[in-house]
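Trainee: Please find one structure pasted underneath; my questions will follow.
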Amino acid sequence: MKSQTDPLPANPLQAENSNAPAGAGAALRIRGLKKAFTDVQAVDGIDLEVARGECFGLLGPNGAGKTTTIEICEGLTPADEGTVELLGLNWISGADELRQRIGIQLQETQFPDKLTVEEALRLFRSFYRRGITVDESIKIAQLEEKRRSRAGGLSGGQKQRLAMATALVGDPELLFLDEPTTGLDPQARRHLWDLVEELKLAGRTIILTTHYMEEAERLCDRVAIMDHGKVIAIGTPKELIATVCSEDIVEFAVGTPVPKGKEPGAPLPPKQSLDGAPEVLVDVEMLKKIPGVQSHRVDESVHQLSVSELHTTVPRIFAALEDQGLHLSEFRTHSATLEDVFVRLTGRNLRDE
Amino acid sequence: MSKLETSSLYQLTSTRLKLTLREPEAIFWIFIFPILLAIGLGIAFRNRPADVLPVGATTEQLTHALAADKGLKATEMDESAGVHALALGTIVLLAEQGGDGVVYRYDNTNPDARTARMIADDAIQKAAGRKDEVMVASEFVHETGSRYIDFVVPGLLGMNLMGSAMWGLGFSIVDGRQKKLLKRMVASPMPRWQYLAGYLLSRLVMLAIEVIFFLGFAKLVFGVPFRGPLWELALLCVLVSLVFSALGLLVASRAKTMEAVSGLMNLVMFPMWILSGVFFSASRFPAVVQPLVRALPLTAAIDAIRGNMLQGVQLGHLTAQVGILLAWFAVPFAVSLKIFRWR
C-alpha cells in the first residue's frame with residue numbers, strides 16, 4: 001500500500017514545530033463546531049484555537065461535550081456544522097496525512113488481553129511511515145519491565161501508559177489524550193502527569209480532556225471550560241481563576257443546631273439551599289459587607305466566601321461571626337481553583353453529574 | 001527490524017495468528033475436536049466382518065438346518081423361552097415348527113431381523129431339498145472409498161472449515177468492536193483493507209495447518225482415499241474458507257455484543273449442520289427442499305470435496321458447486337464491506 005505522496009521530513013526523534021514555517025498557523029483551529037445526537041446537542045457552536053507546542057485542556061463535567069469535540073478533531077466523528085483544521089490540514093482532503101501526523105489516545109481502549117506490550121507497540125508502529133522505535137516508546141511510557149507482559153495482566157495505570165505509548169510510536173506533532181487519568185488511583189495519575197509533562201517539555205502539542213481540575217491546572221497552558229456543549233470560559237488557569245474569582249476561598253460551617261430560617265440572598269443560590277437543607281442563621285448580608293468579601297454561596301450547609309486580601313479579611317469574618325453568636329464547626333481556606341471557576345460559572349460542581 | 005517486520009500487513013497477520021494460537025479453546029475446536037469426532041465415528045461405523053445373526057428354533061431339526069448357514073447362530077429353545085429372548089433382543093428371529101410348515105416370528109421393521117428371515121428361509125428350504133433353478137456365485141467387495149468413514153471425513157472437513165472461519169472472524173471482530181480496539185485501529189493510519197486482509201491471510205495459514213493435520217490423520221488412521229488432484233483439493237479448501245470468512249465478516253459487520261454475534265452465527269450455521277450432508281447424504285431430504293439444500297454453501301463445499309476425494313472428479317466438472325461457492329463469497333463480502341461498522 002502506502003501512497004508515497006507524503007512530503008514530511010524524516011525527523012527521527014523530536015516532535016517538530018519546525019516542520020511548518022515558524023508561526024505558520026495553529027495546531028488546531030475549530031470554527032462554529034456543532035454536533036447533535038438523537039437526543040442531545042452534544043456540541044453547540046465551539047470556536048477554539050490551539051497554538052503549536054501548547055498543552056491545551058478541555059475541562060468540564062461528564063456529558064459536557066468534551067469527548068465528542070475531541071473525536072471530531074480526531075476525525076472519528078463527523079461534525080454537523082463547522083470546520084476543523086489540524087496542522088493546516090482538514091479531514092476531508094488530508095485525512096491520510098493527518099493520521100500519520102497525529103497521535104490518539106481514546107477513552108477506554110482495551111488491547112487484546114493476550115498480546116504483549118511489545119507486540120502491541122510493534123503492531124501500531126507498523127502503521128506509521130516514520131516515528132520512534134518500539135524500544136523508545138516503551139522507555140517513554142516506562143514499561144520496560146512489562147515489555148513481555150500481556151496486556152491483560154497490566155494494572156490500570158500501565159494499560160493507560162500502553163495506550164499512551166501507542167499514541168506516541170508515530171512521533172506525532174499533535175497528541176490527543178481523552179481523559180487520560182480517569183479511573184486511575186492517585187499514584188498512577190501522578191505517574192501519568194509526569195509523563196505528559198515530559199512530552200510537553202519535548203515541545204509536542206497536546207490536547208487533552210479531563211474532568212479533574214487539578215489535572216487541567218497542573219498540565220495545561222490554556223484551558224477551555226465546557227458545559228452543555230459550549231465553551232463557557234477560556235484562558236490560562238491563572239487568568240481564569242483571577243478573572244472569575246478572587247484569589248482565595250474561605251469555607252466555614254456553623255455547628256450550633258439552628259431552626260429553619262429564610263434563605264439568605266446568596267448571589268448564586270445553589271440548589272441544595274432551596275430544597276430544605278438545614279438553614280443557618282448566618283447574616284449573609286453582613287458578611288458580604290466585610291471589605292474583601294466578594295461573594296457568598298452555601299453548598300450543603302458549608303458557606304463559601306470568595307475573598308481577596310485573605311490576611312485582613314479572615315479576622316473580620318471571625319469577628320462578624322462572633323458578633324452573631326455563631327459557633328464555628330469548620331473553617332478552612334484554599335486558593336481558588338478551576339473548580340471554583342466552574343462553580344461560579346454554572347452554580348454546579350464539576351463532579352455533580 | 002527487517003523490512004517484513006515493519007510492514008503493517010505482516011504485523012496484522014502475525015498478530016492475528018498469535019492471538020488465535022494463544023486461545024486454548026480455539027486450538028481445541030480447530031484441531032482436536034474434528035479428530036475426536038472422526039475417531040468416534042470411525043469406531044462406531046467401522047466395517048466389521050458380516051454380522052452373524054442370533055436366531056432361535058423350536059425343534060432340533062430346524063436348529064440344525066439353520067446352523068448350516070454361516071450367517072446364523074441358531075439356538076434351540078421352546079416357544080415361551082424364544083418369545084422372551086426375542087423381547088430381550090438376544091435373538092432376532094424365532095423359527096417355530098407349526099402343523100403344516102414353519103412360522104417365523106420376528107420384527108419386520110428391524111433390518112437385521114429381515115435379513116435373518118431371508119437367510120433362515122433359505123437355509124430351511126435348502127435343508128428340505130430345494131433345488132435352485134439358476135446357478136449363482138458371489139464376489140465380495142470391500143473397497144476403501146465406500147465406507148462410512150470415507151463419506152464422513154469430507155463432511156467433517158467442510159464443517160470444520162465453516163466453523164473455524166466463522167468463529168475466527170466473527171468473534172474477534174466483535175470483541176475488538178466491543179473493547180473499542182477497532183475504533184483505536186481506525187484512529188491510526190492503518191489502511192482499513194489491511195485489517196481485513198490480515199484476517200484472511202492468517203486464516204489461510206491456519207487453514208493449511210488444520211487441513212493437513214486433519215486429512216493426514218484421516219489418511220494414516222483410516223486410509224481415507226484421495227482420488228482427485230491434491231492441488232485442486234487445496235484450492236477447494238481455500239475457496240471454502242474464504243466463503244465462510246466472508247459469511248463470518250457479514251455476521252460480525254454490525255453486531256455489538258458477543259451474545260448477538262453468537263446468536264447470529266448459530267442461526268447461520270445450524271441449518272447447514274443438519275441439511276448439508278455432513279453426516280449423511282443431503283439427498284435424503286425431500287425433493288421439494290432439494291434446491292434449497294443444494295444452494296447452501298456447506299452443501300456445495302462438501303459435495304465438491306467428496307467429489308474430489310472419493311470420486312476423483314476434476315474441478316472442471318464441479319462447476320455448479322464452485323459457482324455456488326463463488327457467489328457465497330462475493331455477495332456477503334461485498335455487503336459486509338458496505339455495512340461494516342468500525343465502532
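Identifiers in the C-alpha cells: chain A, B, ... in order shown; residue index from 1 per chain; ligand index from 1 in order shown.
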Determine, counting only C-alpha atoms, which protein, DNA and RNA residues have an atom within 8 Å of an atom of Val335 (chain B); residues of the same chain fewer than 4 positions away are not included. Present the result as a list of chain:residue names.
Mentor: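 Result of the neighbour search: B:Leu250, B:Val331, B:Ile339.
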Trainee: For the selection just defined, write its residues with C-alpha atoms to a file, as an mmCIF file, in the first residue's frame.
Mentor:
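Result written to again_29.cif:
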data_model
loop_
_atom_site.group_PDB
_atom_site.id
_atom_site.type_symbol
_atom_site.label_atom_id
_atom_site.label_comp_id
_atom_site.auth_asym_id
_atom_site.auth_seq_id
_atom_site.Cartn_x
_atom_site.Cartn_y
_atom_site.Cartn_z
ATOM 1 C CA LEU B 250 -21.069 -10.341 7.332
ATOM 2 C CA VAL B 331 -22.182 -11.353 -2.147
ATOM 3 C CA ILE B 339 -22.283 -2.094 6.088
#
Trainee: Need the shell around region 217-233 of chain A: protein/DNA/RNA residues with any atom at most 6 Å away, counting only C-alpha atoms. Skip same-chain ones fewer than 2 positions apart. Format as a short mmCIF file (atom, residue, chain, number, x, y, z; two decimals) with N, CA and C atoms, in the first residue's frame?
Mentor:
data_model
loop_
_atom_site.label_atom_id
_atom_site.label_comp_id
_atom_site.auth_asym_id
_atom_site.auth_seq_id
_atom_site.Cartn_x
_atom_site.Cartn_y
_atom_site.Cartn_z
N ALA A 42 -24.77 17.70 21.52
CA ALA A 42 -23.54 17.41 22.27
C ALA A 42 -22.55 18.55 22.17
N VAL A 43 -22.42 19.11 20.99
CA VAL A 43 -21.52 20.25 20.80
C VAL A 43 -22.33 21.37 20.16
N ASP A 44 -22.29 22.53 20.76
CA ASP A 44 -23.25 23.56 20.38
C ASP A 44 -22.54 24.86 20.03
N CYS A 55 -0.03 23.01 25.46
CA CYS A 55 -0.82 21.92 26.05
C CYS A 55 -2.17 22.51 26.42
N PHE A 56 -3.18 22.06 25.72
CA PHE A 56 -4.49 22.68 25.83
C PHE A 56 -5.46 21.70 26.47
N GLY A 57 -6.26 22.17 27.41
CA GLY A 57 -7.18 21.27 28.11
C GLY A 57 -8.63 21.62 27.87
N LEU A 58 -9.44 20.59 27.67
CA LEU A 58 -10.88 20.78 27.66
C LEU A 58 -11.38 20.25 28.99
N LEU A 59 -11.89 21.16 29.83
CA LEU A 59 -12.30 20.76 31.17
C LEU A 59 -13.81 20.89 31.26
N GLY A 60 -14.41 19.93 31.89
CA GLY A 60 -15.85 20.01 32.05
C GLY A 60 -16.38 18.74 32.66
N ALA A 64 -20.37 17.07 29.03
CA ALA A 64 -20.25 18.47 28.62
C ALA A 64 -19.97 18.59 27.12
N GLY A 65 -19.59 17.46 26.48
CA GLY A 65 -19.30 17.50 25.05
C GLY A 65 -17.81 17.45 24.75
N GLU A 214 -7.59 19.58 38.99
CA GLU A 214 -6.16 19.60 39.36
C GLU A 214 -5.32 19.27 38.14
N GLU A 215 -5.85 18.30 37.35
CA GLU A 215 -5.11 17.86 36.18
C GLU A 215 -4.95 19.00 35.19
N GLY A 235 -8.88 30.37 28.78
CA GLY A 235 -7.72 31.16 29.18
C GLY A 235 -6.71 30.29 29.90
N THR A 236 -5.64 30.90 30.40
CA THR A 236 -4.72 30.13 31.21
C THR A 236 -5.41 29.86 32.54
N PRO A 237 -5.02 28.82 33.23
CA PRO A 237 -5.65 28.55 34.53
C PRO A 237 -5.60 29.77 35.43
#
Trainee: Give me the chain A side of the contact with chain B, cut-off 9 Å, one line per residue showing its nearest atom pair and distance in Å at one decimal, counting only C-alpha atoms, sorted by chain and residue number, as JSON lines.
Mentor:
{"residue": "A:Met1", "atom": "CA", "partner": "B:Pro191", "partner_atom": "CA", "distance": 7.9}
{"residue": "A:Lys2", "atom": "CA", "partner": "B:Pro191", "partner_atom": "CA", "distance": 8.4}
{"residue": "A:Glu74", "atom": "CA", "partner": "B:Ala187", "partner_atom": "CA", "distance": 7.3}
{"residue": "A:Gly75", "atom": "CA", "partner": "B:Ala187", "partner_atom": "CA", "distance": 7.6}
{"residue": "A:Leu76", "atom": "CA", "partner": "B:Ala187", "partner_atom": "CA", "distance": 6.8}
{"residue": "A:Ala95", "atom": "CA", "partner": "B:Pro189", "partner_atom": "CA", "distance": 8.9}
{"residue": "A:Asp96", "atom": "CA", "partner": "B:Pro189", "partner_atom": "CA", "distance": 6.7}
{"residue": "A:Glu97", "atom": "CA", "partner": "B:Pro189", "partner_atom": "CA", "distance": 8.3}
{"residue": "A:Leu98", "atom": "CA", "partner": "B:Pro189", "partner_atom": "CA", "distance": 8.3}
{"residue": "A:Arg99", "atom": "CA", "partner": "B:Pro189", "partner_atom": "CA", "distance": 4.8}
{"residue": "A:Gln100", "atom": "CA", "partner": "B:Pro189", "partner_atom": "CA", "distance": 5.6}
{"residue": "A:Arg101", "atom": "CA", "partner": "B:Pro189", "partner_atom": "CA", "distance": 9.0}
{"residue": "A:Ile102", "atom": "CA", "partner": "B:Ser188", "partner_atom": "CA", "distance": 8.5}
{"residue": "A:Gly103", "atom": "CA", "partner": "B:Ser188", "partner_atom": "CA", "distance": 7.6}
{"residue": "A:Ile104", "atom": "CA", "partner": "B:Ala187", "partner_atom": "CA", "distance": 6.9}
{"residue": "A:Gln105", "atom": "CA", "partner": "B:Arg184", "partner_atom": "CA", "distance": 7.8}
{"residue": "A:Leu106", "atom": "CA", "partner": "B:Arg184", "partner_atom": "CA", "distance": 6.9}
{"residue": "A:Gln107", "atom": "CA", "partner": "B:Lys180", "partner_atom": "CA", "distance": 8.8}
{"residue": "A:Glu108", "atom": "CA", "partner": "B:Lys180", "partner_atom": "CA", "distance": 7.2}
{"residue": "A:Thr109", "atom": "CA", "partner": "B:Lys180", "partner_atom": "CA", "distance": 5.2}
{"residue": "A:Gln110", "atom": "CA", "partner": "B:Lys179", "partner_atom": "CA", "distance": 5.2}
{"residue": "A:Phe111", "atom": "CA", "partner": "B:Leu181", "partner_atom": "CA", "distance": 6.3}
{"residue": "A:Pro112", "atom": "CA", "partner": "B:Gly176", "partner_atom": "CA", "distance": 7.9}
{"residue": "A:Asp113", "atom": "CA", "partner": "B:Leu19", "partner_atom": "CA", "distance": 9.0}
{"residue": "A:Lys114", "atom": "CA", "partner": "B:Leu19", "partner_atom": "CA", "distance": 6.4}
{"residue": "A:Leu115", "atom": "CA", "partner": "B:Leu19", "partner_atom": "CA", "distance": 6.9}
{"residue": "A:Glu119", "atom": "CA", "partner": "B:Thr15", "partner_atom": "CA", "distance": 7.6}
{"residue": "A:Ala120", "atom": "CA", "partner": "B:Thr15", "partner_atom": "CA", "distance": 8.3}
{"residue": "A:Arg122", "atom": "CA", "partner": "B:Gln11", "partner_atom": "CA", "distance": 7.5}
{"residue": "A:Leu123", "atom": "CA", "partner": "B:Gln11", "partner_atom": "CA", "distance": 5.4}
{"residue": "A:Phe124", "atom": "CA", "partner": "B:Ser188", "partner_atom": "CA", "distance": 7.8}
{"residue": "A:Arg125", "atom": "CA", "partner": "B:Thr6", "partner_atom": "CA", "distance": 7.7}
{"residue": "A:Ser126", "atom": "CA", "partner": "B:Ser8", "partner_atom": "CA", "distance": 4.7}
{"residue": "A:Phe127", "atom": "CA", "partner": "B:Met190", "partner_atom": "CA", "distance": 5.0}
{"residue": "A:Tyr128", "atom": "CA", "partner": "B:Pro189", "partner_atom": "CA", "distance": 6.5}
{"residue": "A:Ala167", "atom": "CA", "partner": "B:Ser188", "partner_atom": "CA", "distance": 8.4}
Trainee: May I ask which of the residues B:Ala120, B:Leu310, B:Ala74, B:Ala234 is the closest one to Ser146 (chain B), counting only C-alpha atoms?
Mentor: B:Leu310
Trainee: Using only C-alpha atoms, find the one residue out of A:Val282, A:Gln294, A:Asp340, A:Leu240 that sits nearest to Gln324 (chain A).
Mentor: A:Val282
Trainee: So which residues touch Arg105 (chain B) within 9 Å, counting only C-alpha atoms, skipping near sequence neighbours fewer than 2 positions away, as a tab-separated table (two decimals) with C-alpha atoms, in the first residue's frame?
Mentor:
chain	number	residue	atom	x	y	z
B	83	VAL	CA	-40.57	-65.17	22.76
B	86	LEU	CA	-36.95	-62.04	21.13
B	92	VAL	CA	-33.65	-61.56	16.20
B	93	LEU	CA	-35.86	-64.36	14.84
B	94	LEU	CA	-37.60	-67.44	16.15
B	95	ALA	CA	-38.42	-70.29	13.77
B	96	GLU	CA	-41.33	-72.37	15.07
B	103	VAL	CA	-43.60	-69.89	11.23
B	107	ASP	CA	-39.85	-57.76	13.91
B	117	ARG	CA	-35.68	-64.15	7.89
